[in-house]
file entry37.txt (compact mmCIF, C-alpha atoms)
# COMPACT_ATOMS: atom_id res chain seq x y z
CA MET A 1 135.66 22.20 15.30
CA SER A 2 133.90 25.27 16.64
CA PRO A 3 135.70 28.61 16.43
CA GLY A 4 137.63 29.68 19.50
CA ARG A 5 137.17 26.36 21.29
CA GLY A 6 139.59 24.22 19.36
CA LEU A 7 139.03 20.48 18.97
CA GLU A 8 136.33 18.75 20.97
CA PRO A 9 137.85 16.34 23.50
CA THR A 10 137.49 12.57 23.44
CA PRO A 11 134.94 11.83 26.18
CA SER A 12 136.01 10.24 29.43
CA GLN A 13 134.88 6.72 30.37
CA THR A 14 135.25 4.82 33.60
CA ILE A 15 138.52 3.06 34.43
CA GLY A 16 136.40 -0.03 35.26
CA PRO A 17 137.46 -2.75 37.69
CA PHE A 18 140.23 -4.48 35.68
CA PHE A 19 143.02 -1.90 35.33
CA HIS A 20 145.49 -3.19 37.92
CA ASP A 21 147.89 -5.22 35.75
CA ALA A 22 148.13 -2.48 33.14
CA LEU A 23 148.42 0.59 35.37
CA LEU A 24 149.84 -0.53 38.71
CA GLU A 25 152.36 -3.19 37.74
CA ARG A 26 155.28 -0.89 38.48
CA ASP A 27 154.00 0.19 41.91
CA PRO A 28 154.67 3.92 41.53
CA THR A 29 153.71 4.82 45.11
CA GLY A 30 157.18 5.97 46.11
CA LEU A 31 157.95 9.43 44.73
CA VAL A 32 161.05 9.29 46.93
CA PRO A 33 162.56 6.36 48.86
CA PRO A 34 161.46 6.18 52.51
CA GLU A 35 165.00 7.08 53.69
CA HIS A 36 165.00 10.31 51.62
CA PRO A 37 165.61 13.39 53.83
CA GLY A 38 162.25 14.96 54.63
CA ALA A 39 160.23 12.01 53.28
CA VAL A 40 156.59 12.13 54.34
CA ARG A 41 153.78 9.62 54.01
CA ILE A 42 150.41 10.59 52.56
CA SER A 43 147.65 8.05 53.00
CA GLY A 44 143.91 7.79 53.36
CA VAL A 45 140.75 5.89 52.56
CA ILE A 46 138.33 6.44 49.69
CA TYR A 47 134.68 6.21 50.81
CA ASP A 48 131.49 5.96 48.77
CA GLY A 49 128.12 7.58 49.49
CA ALA A 50 127.13 4.75 51.86
CA GLY A 51 130.29 5.33 53.90
CA ASP A 52 131.83 2.10 52.65
CA PRO A 53 135.47 1.97 51.55
CA VAL A 54 136.13 1.79 47.80
CA PRO A 55 138.49 -1.15 47.27
CA ASP A 56 138.92 -0.80 43.50
CA ALA A 57 139.98 2.82 43.04
CA MET A 58 143.20 4.27 41.65
CA VAL A 59 144.63 7.45 43.15
CA GLU A 60 147.12 9.65 41.32
CA VAL A 61 149.12 12.48 42.88
CA TRP A 62 150.91 15.29 41.08
CA GLN A 63 152.93 17.85 43.00
CA ALA A 64 155.80 20.30 43.02
CA ASP A 65 159.10 19.48 44.68
CA ALA A 66 160.21 20.87 48.05
CA ALA A 67 161.25 24.10 46.31
CA GLY A 68 157.86 24.55 44.63
CA ARG A 69 158.92 23.41 41.14
CA TYR A 70 156.87 21.08 38.96
CA GLY A 71 158.68 18.46 36.90
CA SER A 72 162.14 19.23 38.25
CA GLU A 73 165.22 17.13 37.55
CA GLY A 74 165.30 14.03 39.75
CA PHE A 75 161.79 14.36 41.15
CA SER A 76 158.93 13.33 38.90
CA GLY A 77 156.27 14.62 41.27
CA PHE A 78 153.87 11.95 40.05
CA GLY A 79 152.60 8.85 41.84
CA ARG A 80 149.91 6.24 41.53
CA SER A 81 148.37 3.95 44.12
CA GLY A 82 145.59 1.41 44.02
CA THR A 83 143.29 1.09 47.01
CA ASP A 84 143.38 -2.11 49.05
CA GLU A 85 140.38 -4.06 50.37
CA HIS A 86 139.99 -1.41 53.07
CA GLY A 87 139.89 1.38 50.48
CA ARG A 88 143.35 2.60 51.54
CA PHE A 89 145.96 4.27 49.34
CA SER A 90 149.43 5.43 50.35
CA PHE A 91 152.38 7.41 48.97
CA THR A 92 155.88 8.25 50.12
CA THR A 93 156.88 11.72 48.94
CA VAL A 94 158.22 15.07 50.07
CA LYS A 95 156.13 17.99 51.19
CA PRO A 96 155.92 20.40 48.25
CA GLY A 97 156.99 24.02 48.56
CA PRO A 98 154.70 26.94 47.79
CA VAL A 99 154.13 27.42 44.05
CA PRO A 100 153.36 30.66 42.24
CA GLY A 101 149.69 31.29 41.53
CA PRO A 102 147.77 33.82 39.44
CA ASP A 103 148.95 37.44 39.69
CA GLY A 104 152.01 36.31 41.62
CA THR A 105 149.97 35.25 44.66
CA PRO A 106 151.77 32.24 46.09
CA GLN A 107 149.71 29.08 46.51
CA ALA A 108 150.06 27.19 49.76
CA PRO A 109 151.89 23.86 49.53
CA HIS A 110 149.49 21.33 48.08
CA VAL A 111 149.27 18.02 46.23
CA ASN A 112 146.87 17.52 43.32
CA VAL A 113 144.93 14.32 43.94
CA SER A 114 142.82 12.50 41.32
CA VAL A 115 140.64 9.46 41.94
CA PHE A 116 139.56 7.00 39.25
CA ALA A 117 137.20 4.08 39.90
CA ARG A 118 134.49 1.85 38.58
CA GLY A 119 131.35 3.98 38.89
CA LEU A 120 133.27 7.19 38.22
CA LEU A 121 132.67 8.07 34.57
CA ARG A 122 135.35 10.70 34.91
CA GLN A 123 138.08 11.14 37.52
CA VAL A 124 137.45 13.44 40.46
CA THR A 125 140.18 15.93 41.25
CA THR A 126 140.91 17.54 44.59
CA ARG A 127 143.80 19.13 46.46
CA LEU A 128 145.55 18.04 49.61
CA TYR A 129 146.79 20.92 51.81
CA PHE A 130 148.85 20.69 54.97
CA PRO A 131 147.59 21.43 58.51
CA ASP A 132 150.83 23.09 59.61
CA GLU A 133 150.57 25.85 56.96
CA GLU A 134 147.78 27.91 58.50
CA GLU A 135 149.09 31.27 57.31
CA ALA A 136 149.76 30.11 53.74
CA ASN A 137 146.46 28.25 53.63
CA ALA A 138 144.56 31.38 54.71
CA ALA A 139 146.04 33.26 51.73
CA ASP A 140 145.75 30.47 49.16
CA PRO A 141 143.67 31.58 46.16
CA VAL A 142 142.04 28.18 45.68
CA LEU A 143 141.26 27.48 49.34
CA THR A 144 139.81 30.94 49.76
CA SER A 145 137.64 30.44 46.67
CA VAL A 146 135.83 27.58 48.46
CA GLU A 147 133.18 29.56 50.29
CA ASP A 148 131.69 26.76 52.37
CA ALA A 149 133.89 26.29 55.44
CA GLY A 150 132.95 22.62 55.81
CA LEU A 151 133.81 21.90 52.22
CA ARG A 152 137.08 23.86 52.57
CA GLU A 153 138.00 21.79 55.62
CA THR A 154 137.87 18.58 53.53
CA LEU A 155 140.97 19.81 51.67
CA ILE A 156 143.24 19.96 54.74
CA SER A 157 145.07 16.77 55.61
CA HIS A 158 145.52 15.61 59.21
CA ASP A 159 148.88 15.39 60.93
CA GLU A 160 149.18 11.80 62.09
CA GLY A 161 152.65 12.31 63.55
CA GLY A 162 155.99 10.90 62.45
CA GLY A 163 155.82 12.62 59.08
CA SER A 164 152.46 11.06 58.13
CA TYR A 165 149.51 12.99 56.77
CA GLY A 166 146.02 11.49 56.57
CA PHE A 167 143.69 12.46 53.76
CA ASP A 168 140.41 10.58 53.33
CA VAL A 169 138.32 11.21 50.24
CA ARG A 170 134.54 10.98 50.46
CA LEU A 171 133.06 10.71 46.99
CA GLN A 172 129.48 11.44 48.02
CA GLY A 173 127.23 12.20 50.99
CA ASP A 174 127.97 13.76 54.38
CA GLY A 175 131.38 15.38 54.43
CA GLN A 176 131.87 14.97 50.68
CA THR A 177 135.31 16.12 49.64
CA ALA A 178 135.52 19.32 47.59
CA PHE A 179 136.20 18.46 43.96
CA PHE A 180 137.42 20.84 41.30
CA GLU A 181 136.98 21.27 37.63
CA PHE A 182 138.91 23.43 35.26
CA GLY A 183 137.34 26.59 33.86
CA GLU A 184 137.34 27.37 30.17
CA MET B 1 120.15 15.84 39.16
CA THR B 2 123.12 18.09 39.53
CA GLN B 3 123.82 21.04 37.26
CA GLN B 4 125.66 20.45 34.02
CA THR B 5 129.40 20.77 34.54
CA VAL B 6 131.97 22.39 32.26
CA GLY B 7 133.10 18.86 31.42
CA GLU B 8 129.62 17.79 30.33
CA ALA B 9 129.35 20.83 28.11
CA ALA B 10 132.54 19.62 26.38
CA GLY B 11 131.00 16.16 25.81
CA HIS B 12 132.14 14.27 28.91
CA PRO B 13 129.61 12.11 30.75
CA PRO B 14 127.94 13.35 33.96
CA TYR B 15 129.18 11.82 37.21
CA LEU B 16 125.71 10.56 38.08
CA TYR B 17 124.17 8.35 35.39
CA PRO B 18 121.75 6.07 37.29
CA ASP B 19 121.45 3.52 34.44
CA TYR B 20 125.11 2.74 35.22
CA GLU B 21 124.41 1.47 38.68
CA SER B 22 127.85 1.96 40.22
CA THR B 23 127.57 5.73 39.74
CA ARG B 24 124.74 5.93 42.28
CA LEU B 25 126.96 5.74 45.35
CA ARG B 26 130.16 7.06 43.83
CA ALA B 27 129.13 10.19 41.93
CA PRO B 28 129.82 13.41 43.85
CA LYS B 29 126.68 15.48 44.36
CA GLU B 30 128.11 18.77 45.64
CA PRO B 31 128.68 21.20 42.77
CA LEU B 32 132.23 21.13 41.46
CA ILE B 33 134.40 24.12 42.29
CA ILE B 34 135.65 25.77 39.15
CA LEU B 35 139.35 26.61 39.29
CA PRO B 36 140.38 29.90 37.73
CA LYS B 37 141.68 29.58 34.19
CA ALA B 38 145.17 30.61 35.26
CA LEU B 39 145.34 27.48 37.40
CA SER B 40 143.71 25.21 34.86
CA ASP B 41 146.62 24.87 32.52
CA ILE B 42 149.29 23.83 34.99
CA ARG B 43 151.61 21.41 33.29
CA GLY B 44 151.01 17.71 33.58
CA PRO B 45 153.29 14.90 34.66
CA ALA B 46 155.78 13.43 32.17
CA TYR B 47 155.12 9.94 33.45
CA GLY B 48 156.52 6.72 32.09
CA ARG B 49 158.98 8.07 29.55
CA GLY B 50 161.84 5.94 30.85
CA THR B 51 159.86 2.78 31.49
CA VAL B 52 158.41 1.75 28.11
CA GLY B 53 160.00 -1.37 26.65
CA GLY B 54 160.50 -1.88 22.91
CA LEU B 55 157.82 -4.58 22.58
CA ASP B 56 155.30 -3.19 25.04
CA TYR B 57 153.17 -2.00 22.11
CA ASP B 58 152.65 -5.56 20.85
CA LEU B 59 150.15 -7.48 22.97
CA THR B 60 150.49 -10.54 20.70
CA ARG B 61 154.15 -11.11 21.61
CA GLN B 62 154.17 -11.20 25.39
CA HIS B 63 154.14 -15.00 25.72
CA GLY B 64 155.57 -18.14 24.10
CA GLY B 65 152.85 -18.44 21.48
CA GLU B 66 150.36 -16.22 19.70
CA PRO B 67 146.98 -15.39 21.23
CA LEU B 68 143.79 -16.65 19.62
CA GLY B 69 141.49 -14.15 17.96
CA GLU B 70 141.38 -11.65 15.16
CA ARG B 71 144.77 -9.89 14.99
CA ILE B 72 144.36 -6.09 14.73
CA ILE B 73 146.48 -2.96 14.55
CA VAL B 74 145.17 0.04 16.48
CA THR B 75 146.80 3.36 15.66
CA GLY B 76 146.04 7.05 15.73
CA ARG B 77 147.21 10.45 16.88
CA VAL B 78 146.97 12.10 20.28
CA LEU B 79 146.27 15.83 19.93
CA ASP B 80 145.84 18.67 22.42
CA GLY B 81 142.91 21.06 22.50
CA ASP B 82 144.53 23.22 19.81
CA GLY B 83 145.04 20.24 17.50
CA ARG B 84 148.79 20.09 18.14
CA PRO B 85 150.40 16.65 18.48
CA VAL B 86 151.12 15.41 21.99
CA ARG B 87 154.74 14.27 21.71
CA GLY B 88 156.29 11.60 23.90
CA GLY B 89 153.03 11.10 25.78
CA LEU B 90 152.43 7.81 27.57
CA VAL B 91 149.55 5.71 26.18
CA GLU B 92 148.50 2.71 28.26
CA VAL B 93 145.89 0.16 27.13
CA TRP B 94 144.17 -2.85 28.64
CA GLN B 95 141.48 -5.15 27.33
CA ALA B 96 139.72 -8.53 27.46
CA ASN B 97 140.93 -11.40 25.28
CA ALA B 98 139.11 -12.51 22.13
CA ALA B 99 136.67 -14.54 24.24
CA GLY B 100 135.74 -11.52 26.37
CA ARG B 101 137.76 -12.50 29.45
CA TYR B 102 140.25 -10.35 31.41
CA THR B 103 143.21 -11.94 33.15
CA HIS B 104 142.16 -9.98 36.28
CA HIS B 105 141.51 -12.25 39.28
CA LYS B 106 138.11 -10.63 39.86
CA ASP B 107 136.79 -11.35 36.37
CA ALA B 108 134.39 -14.27 36.87
CA HIS B 109 133.03 -14.50 33.32
CA PRO B 110 133.07 -18.21 32.39
CA ALA B 111 134.94 -17.69 29.13
CA PRO B 112 138.41 -19.18 28.59
CA LEU B 113 141.60 -17.41 29.54
CA ASP B 114 144.24 -17.40 26.81
CA PRO B 115 147.68 -18.45 28.09
CA ASN B 116 149.21 -16.31 25.34
CA PHE B 117 147.36 -13.09 26.13
CA SER B 118 147.58 -10.76 29.14
CA GLY B 119 145.88 -7.78 27.52
CA ALA B 120 148.05 -4.88 28.74
CA GLY B 121 150.28 -2.63 26.63
CA ARG B 122 151.95 0.77 26.57
CA CYS B 123 153.81 3.04 24.22
CA LEU B 124 154.94 6.64 23.78
CA THR B 125 153.60 8.92 21.06
CA ASP B 126 156.06 10.00 18.36
CA ASP B 127 156.75 13.55 17.16
CA GLU B 128 153.47 13.60 15.26
CA GLY B 129 151.53 12.39 18.27
CA ARG B 130 151.17 8.94 16.75
CA TYR B 131 150.83 5.70 18.71
CA ARG B 132 150.46 2.12 17.47
CA PHE B 133 149.44 -1.16 19.12
CA VAL B 134 149.23 -4.70 17.78
CA THR B 135 146.67 -6.84 19.60
CA VAL B 136 143.64 -9.06 19.08
CA LYS B 137 140.08 -7.80 18.88
CA PRO B 138 138.54 -8.06 22.36
CA GLY B 139 135.28 -9.95 22.83
CA ALA B 140 132.07 -8.56 24.30
CA TYR B 141 131.40 -9.73 27.84
CA PRO B 142 128.54 -9.86 30.31
CA TRP B 143 128.38 -7.78 33.49
CA LYS B 144 125.94 -7.53 36.34
CA ASN B 145 124.70 -3.96 35.90
CA HIS B 146 121.21 -5.10 34.84
CA ASP B 147 119.52 -8.21 33.48
CA ASN B 148 121.28 -9.56 30.39
CA ALA B 149 123.83 -6.72 30.42
CA TRP B 150 126.74 -6.98 27.95
CA ARG B 151 129.56 -4.55 27.33
CA PRO B 152 130.37 -3.77 23.69
CA ALA B 153 133.90 -4.76 22.71
CA HIS B 154 136.32 -2.05 23.85
CA ILE B 155 139.93 -1.25 24.65
CA HIS B 156 140.66 0.91 27.69
CA PHE B 157 142.98 3.86 27.03
CA SER B 158 144.91 5.94 29.58
CA LEU B 159 146.58 9.14 28.36
CA PHE B 160 148.75 12.00 29.53
CA GLY B 161 149.04 15.36 27.77
CA PRO B 162 150.69 18.74 28.17
CA ALA B 163 148.55 20.00 31.06
CA PHE B 164 147.34 18.45 34.32
CA ARG B 165 143.80 18.78 32.97
CA SER B 166 144.76 16.73 29.89
CA ARG B 167 144.73 13.51 31.91
CA LEU B 168 142.17 11.18 30.35
CA ILE B 169 140.98 7.62 30.79
CA SER B 170 138.54 6.49 28.13
CA GLN B 171 137.43 3.45 26.13
CA MET B 172 137.79 2.85 22.40
CA TYR B 173 134.91 1.05 20.71
CA PHE B 174 134.60 -0.71 17.35
CA PRO B 175 132.38 0.57 14.53
CA GLY B 176 128.83 -0.71 14.17
CA ASP B 177 128.60 -2.60 17.46
CA PRO B 178 124.97 -3.68 18.06
CA LEU B 179 125.51 -3.39 21.83
CA PHE B 180 126.00 0.41 21.79
CA GLU B 181 122.32 1.16 22.34
CA HIS B 182 122.14 -1.22 25.31
CA ASP B 183 125.30 -0.11 27.11
CA PRO B 184 124.86 2.54 29.83
CA ILE B 185 128.59 3.31 29.99
CA PHE B 186 128.67 4.19 26.29
CA GLN B 187 125.30 5.95 26.56
CA SER B 188 126.45 7.98 29.58
CA VAL B 189 127.98 10.33 27.03
CA ARG B 190 124.79 12.16 26.23
CA ASP B 191 125.76 13.91 23.00
CA PRO B 192 125.59 11.52 20.00
CA GLU B 193 128.38 13.47 18.29
CA ALA B 194 130.60 13.06 21.36
CA ARG B 195 129.82 9.32 21.44
CA LYS B 196 131.18 9.03 17.88
CA ARG B 197 134.52 10.35 19.17
CA MET B 198 134.92 7.10 21.14
CA ILE B 199 134.47 4.83 18.11
CA SER B 200 137.44 3.74 16.02
CA HIS B 201 137.29 3.55 12.22
CA PHE B 202 138.19 0.55 10.14
CA ASP B 203 141.10 1.64 7.93
CA LEU B 204 142.25 -0.31 4.89
CA GLU B 205 145.49 1.69 4.75
CA THR B 206 146.42 0.58 8.25
CA THR B 207 145.36 -2.99 7.44
CA GLU B 208 148.34 -5.20 6.53
CA PRO B 209 147.75 -7.81 3.80
CA GLU B 210 147.65 -11.43 4.94
CA TRP B 211 148.27 -10.32 8.52
CA ALA B 212 146.02 -7.91 10.47
CA LEU B 213 143.00 -5.58 10.19
CA GLY B 214 143.67 -1.93 10.94
CA TYR B 215 141.65 0.48 13.08
CA ARG B 216 142.27 4.20 13.49
CA PHE B 217 141.46 6.03 16.67
CA ASP B 218 142.47 9.66 17.15
CA ILE B 219 142.29 11.11 20.65
CA VAL B 220 141.87 14.76 21.63
CA LEU B 221 142.97 15.79 25.12
CA GLU B 222 141.97 18.95 26.93
CA GLY B 223 144.50 21.59 27.79
CA ARG B 224 147.48 23.03 26.02
CA GLU B 225 151.13 23.70 26.74
CA ALA B 226 151.88 24.99 30.24
CA THR B 227 151.66 28.68 30.99
CA PRO B 228 155.02 30.32 31.77
CA LEU B 229 153.81 30.66 35.35
CA GLU B 230 154.17 26.96 36.01
CA ARG B 231 157.32 26.21 34.03
CA PRO B 232 160.27 25.05 36.10
CA HIS B 233 162.28 27.91 37.53
CA ALA B 234 165.67 28.59 35.96
call {"tool": "encode", "arguments": {"input": "entry37.txt", "output": "structure tokens"}}
result
Amino acid sequence: MSPGRGLEPTPSQTIGPFFHDALLERDPTGLVPPEHPGAVRISGVIYDGAGDPVPDAMVEVWQADAAGRYGSEGFSGFGRSGTDEHGRFSFTTVKPGPVPGPDGTPQAPHVNVSVFARGLLRQVTTRLYFPDEEEANAADPVLTSVEDAGLRETLISHDEGGGSYGFDVRLQGDGQTAFFEFGE
Amino acid sequence: MTQQTVGEAAGHPPYLYPDYESTRLRAPKEPLIILPKALSDIRGPAYGRGTVGGLDYDLTRQHGGEPLGERIIVTGRVLDGDGRPVRGGLVEVWQANAAGRYTHHKDAHPAPLDPNFSGAGRCLTDDEGRYRFVTVKPGAYPWKNHDNAWRPAHIHFSLFGPAFRSRLISQMYFPGDPLFEHDPIFQSVRDPEARKRMISHFDLETTEPEWALGYRFDIVLEGREATPLERPHA
């Protein structure tokens, strides 16, 4: 234990290829039922550095409710999806409200997205923002901290109509998604 | 090679570790964007608290008979970065059977399946952060990463903690495994001291006479309790 840093964490290891029965048995892809007022669908494909879909990934989402509250009564805000043979994941949820950020600056509505897979020794973490929130997105402290416009663009989902938002994740190569890590 | 990340400095493996072949096309190469500290400690999900069954911790009692293999007890504490117990946290495990075979349909290792072993369990930590599983010791198994590649025996662990950044998936190894030095997944953790944090300890106190060997494995998650900023509004 080094002073000021607390305990050293247990290192991460890959999820490997054989997690499905243990982690996805309960199919937690529906954060709300499809008939829920304001239900939206979030889906996309995970791609590797060769542009091929990743069929053995697990995607987790963690988000605030429609009023911008994390962990509120009746809405867990958490979901998990495997990817199918086409690398596709999918969730049914509600669009989150804006949540407070540092110094009271509101953060634009967003969903925290983590991807685990064989070949990922640690999960990658990104954020899904919404295309119809231009004003909020322009003021969001995280989006504005991503200096490269191309990289920033990878964080905005696409409106696919009918309450569906598309969000592909590219792990590596051209158009790689912006991934975050947490500062000390 | 990419720059060392904050995670690597804390003992986590790099994303790109070419000896582990699957990292080559899956590791991100753009530098990670560091979130400000104020956003790093947002609370994490309280997942699974209502869905754990009373016997989910016992992987030897999920079928009509008992699985073959060496019966073991695996227990330990889950702590946050300040050393405080993680209470009511979901712990999920999965593993191969004693012969080194997973029930997963994509596992092609020609070792026998055990009709009495599925290899998945879950439990919640108690008020001291303690978890406990009863299972059988998993076997080593071959994989196709390189010629004559074998994984050391391990149990996969999935954990949730107080903060979003606490989320961890890791693997627990057994002490003294001769395969450690040949395994690129284990070796991807570059710091030898950090590697030790993935190895359980044989524990005679946990061992139950005439019944099962005991192993202790404590887990430290990153992050601490949520900042007031992200607590639910009144």
call {"tool": "closest_atom_pairs", "arguments": {"input": "entry37.txt", "of": "chain A", "to": "chain B", "cutoff": "8 Å", "atoms": "only C-alpha atoms", "output": "CSV"}}
result
residue,atom,partner,partner_atom,distance
A:Arg5,CA,B:Gly81,CA,7.9
A:Gly6,CA,B:Asp82,CA,5.1
A:Leu7,CA,B:Gly81,CA,5.3
A:Glu8,CA,B:Ala10,CA,6.7
A:Pro9,CA,B:Val220,CA,4.7
A:Thr10,CA,B:Val220,CA,5.2
A:Pro11,CA,B:His12,CA,4.6
A:Ser12,CA,B:Ser170,CA,4.7
A:Gln13,CA,B:Ser170,CA,4.3
A:Thr14,CA,B:Ser170,CA,6.6
A:Ile15,CA,B:Ile169,CA,6.3
A:Phe18,CA,B:His104,CA,5.9
A:Phe19,CA,B:Trp94,CA,6.9
A:His20,CA,B:His104,CA,7.7
A:Asp21,CA,B:Ala120,CA,7.0
A:Ala22,CA,B:Ala120,CA,5.0
A:Leu23,CA,B:Glu92,CA,7.4
A:Asp48,CA,B:Arg26,CA,5.2
A:Gly49,CA,B:Leu25,CA,4.7
A:Ala50,CA,B:Leu25,CA,6.6
A:Trp62,CA,B:Pro45,CA,6.9
A:Arg69,CA,B:Pro232,CA,5.5
A:Tyr70,CA,B:Pro232,CA,6.0
A:Gly71,CA,B:Pro232,CA,6.8
A:Ser72,CA,B:Pro232,CA,6.5
A:Ser76,CA,B:Pro45,CA,7.2
A:Gly77,CA,B:Pro45,CA,7.3
A:Phe78,CA,B:Pro45,CA,6.2
A:Pro100,CA,B:Leu229,CA,6.9
A:Gly101,CA,B:Leu39,CA,7.1
A:Pro102,CA,B:Ala38,CA,5.9
A:Arg118,CA,B:Ser22,CA,6.8
A:Gly119,CA,B:Thr23,CA,4.3
A:Leu120,CA,B:Thr23,CA,6.1
A:Leu121,CA,B:Tyr15,CA,5.8
A:Arg122,CA,B:Tyr15,CA,6.7
A:Val142,CA,B:Leu35,CA,7.1
A:Val146,CA,B:Ile33,CA,7.2
A:Leu171,CA,B:Pro28,CA,5.3
A:Gln172,CA,B:Pro28,CA,4.6
A:Gly173,CA,B:Lys29,CA,7.4
A:Gln176,CA,B:Pro28,CA,7.3
A:Ala178,CA,B:Leu32,CA,7.2
A:Phe179,CA,B:Leu32,CA,5.4
A:Phe180,CA,B:Ile33,CA,4.6
A:Glu181,CA,B:Ile34,CA,4.9
A:Phe182,CA,B:Ser40,CA,5.1
A:Gly183,CA,B:Lys37,CA,5.3
A:Glu184,CA,B:Lys37,CA,6.3
call {"tool": "atom_distance", "arguments": {"input": "entry37.txt", "atom1": "atom CA of B:His109", "atom2": "atom CA of B:Gly69"}}
result
17.5 Å
call {"tool": "atom_distance", "arguments": {"input": "entry37.txt", "atom1": "atom CA of A:Val113", "atom2": "atom CA of A:Leu143"}}
result
14.7 Å
call {"tool": "residues_near_point", "arguments": {"input": "entry37.txt", "point": "(156.6, 11.7, 51.2)", "cutoff": "10 Å", "atoms": "only C-alpha atoms", "output": "list in words"}}
result
Thr29, Gly30, Leu31, Val32, Pro33, Pro34, Glu35, His36, Pro37, Gly38, Ala39, Val40, Arg41, Ile42, Ser43, Ser90, Phe91, Thr92, Thr93, Val94, Lys95, Pro96, Gly163, Ser164 and Tyr165 of chain A
call {"tool": "residues_around", "arguments": {"input": "entry37.txt", "residues": "A:Ala139", "least_positions_apart": "5", "cutoff": "10 Å", "atoms": "only C-alpha atoms", "output": "ChimeraX atom specification"}}
result
/A:105-108,134,144
call {"tool": "atom_distance", "arguments": {"input": "entry37.txt", "atom1": "atom CA of B:Pro138", "atom2": "atom CA of B:Leu124"}}
result
22.1 Å
call {"tool": "residues_around", "arguments": {"input": "entry37.txt", "residues": "B:Gly139", "least_positions_apart": "2", "cutoff": "9 Å", "atoms": "all atoms listed in the file", "output": "ChimeraX atom specification"}}
result
/B:69,96-101,137,141,152-154
call {"tool": "residues_around", "arguments": {"input": "entry37.txt", "residues": "B:Thr206", "least_positions_apart": "5", "cutoff": "10 Å", "atoms": "only C-alpha atoms", "output": "list in words"}}
result
Ile72, Ile73, Val74, Thr75, Gly76, Ala212, Leu213, Gly214, Tyr215 and Arg216 of chain B
call {"tool": "axis_aligned_box", "arguments": {"input": "entry37.txt", "around": "stretch 53-58 of chain A", "padding_each_side": "8 Å", "output": "AutoDock Vina command-line options"}}
result
--center_x 139.3 --center_y 1.6 --center_z 46.6 --size_x 23.7 --size_y 21.4 --size_z 25.9
call {"tool": "decode", "arguments": {"input": "entry37.txt", "residues": "stretch 98-108 of chain A", "atoms": "N, CA, C and O atoms", "output": "compact mmCIF listing (two decimals), in the first residue's frame"}}
result
# COMPACT_ATOMS: atom_id res chain seq x y z
N PRO A 98 -30.33 15.14 -19.09
CA PRO A 98 -29.01 15.70 -18.79
C PRO A 98 -28.65 15.47 -17.33
O PRO A 98 -29.53 15.50 -16.46
N VAL A 99 -27.38 15.17 -17.05
CA VAL A 99 -26.95 14.95 -15.66
C VAL A 99 -25.95 16.02 -15.28
O VAL A 99 -25.23 16.54 -16.12
N PRO A 100 -25.93 16.37 -13.98
CA PRO A 100 -24.98 17.40 -13.56
C PRO A 100 -23.54 16.95 -13.75
O PRO A 100 -23.21 15.79 -13.56
N GLY A 101 -22.70 17.88 -14.15
CA GLY A 101 -21.27 17.60 -14.34
C GLY A 101 -20.45 18.42 -13.37
O GLY A 101 -20.98 18.99 -12.41
N PRO A 102 -19.14 18.49 -13.59
CA PRO A 102 -18.28 19.24 -12.67
C PRO A 102 -18.63 20.72 -12.69
O PRO A 102 -19.01 21.24 -13.73
N ASP A 103 -18.53 21.36 -11.56
CA ASP A 103 -18.81 22.80 -11.42
C ASP A 103 -20.22 23.15 -11.86
O ASP A 103 -20.48 24.25 -12.32
N GLY A 104 -21.13 22.20 -11.76
CA GLY A 104 -22.52 22.49 -12.10
C GLY A 104 -22.82 22.54 -13.59
O GLY A 104 -23.95 22.75 -13.98
N THR A 105 -21.79 22.37 -14.42
CA THR A 105 -22.04 22.35 -15.87
C THR A 105 -22.86 21.11 -16.19
O THR A 105 -22.45 20.00 -15.87
N PRO A 106 -24.03 21.25 -16.83
CA PRO A 106 -24.76 20.04 -17.15
C PRO A 106 -24.04 19.24 -18.24
O PRO A 106 -23.42 19.82 -19.12
N GLN A 107 -24.12 17.92 -18.15
CA GLN A 107 -23.62 17.08 -19.23
C GLN A 107 -24.79 16.74 -20.15
O GLN A 107 -25.90 16.51 -19.69
N ALA A 108 -24.48 16.70 -21.43
CA ALA A 108 -25.53 16.33 -22.39
C ALA A 108 -25.98 14.89 -22.12
O ALA A 108 -25.22 14.09 -21.59
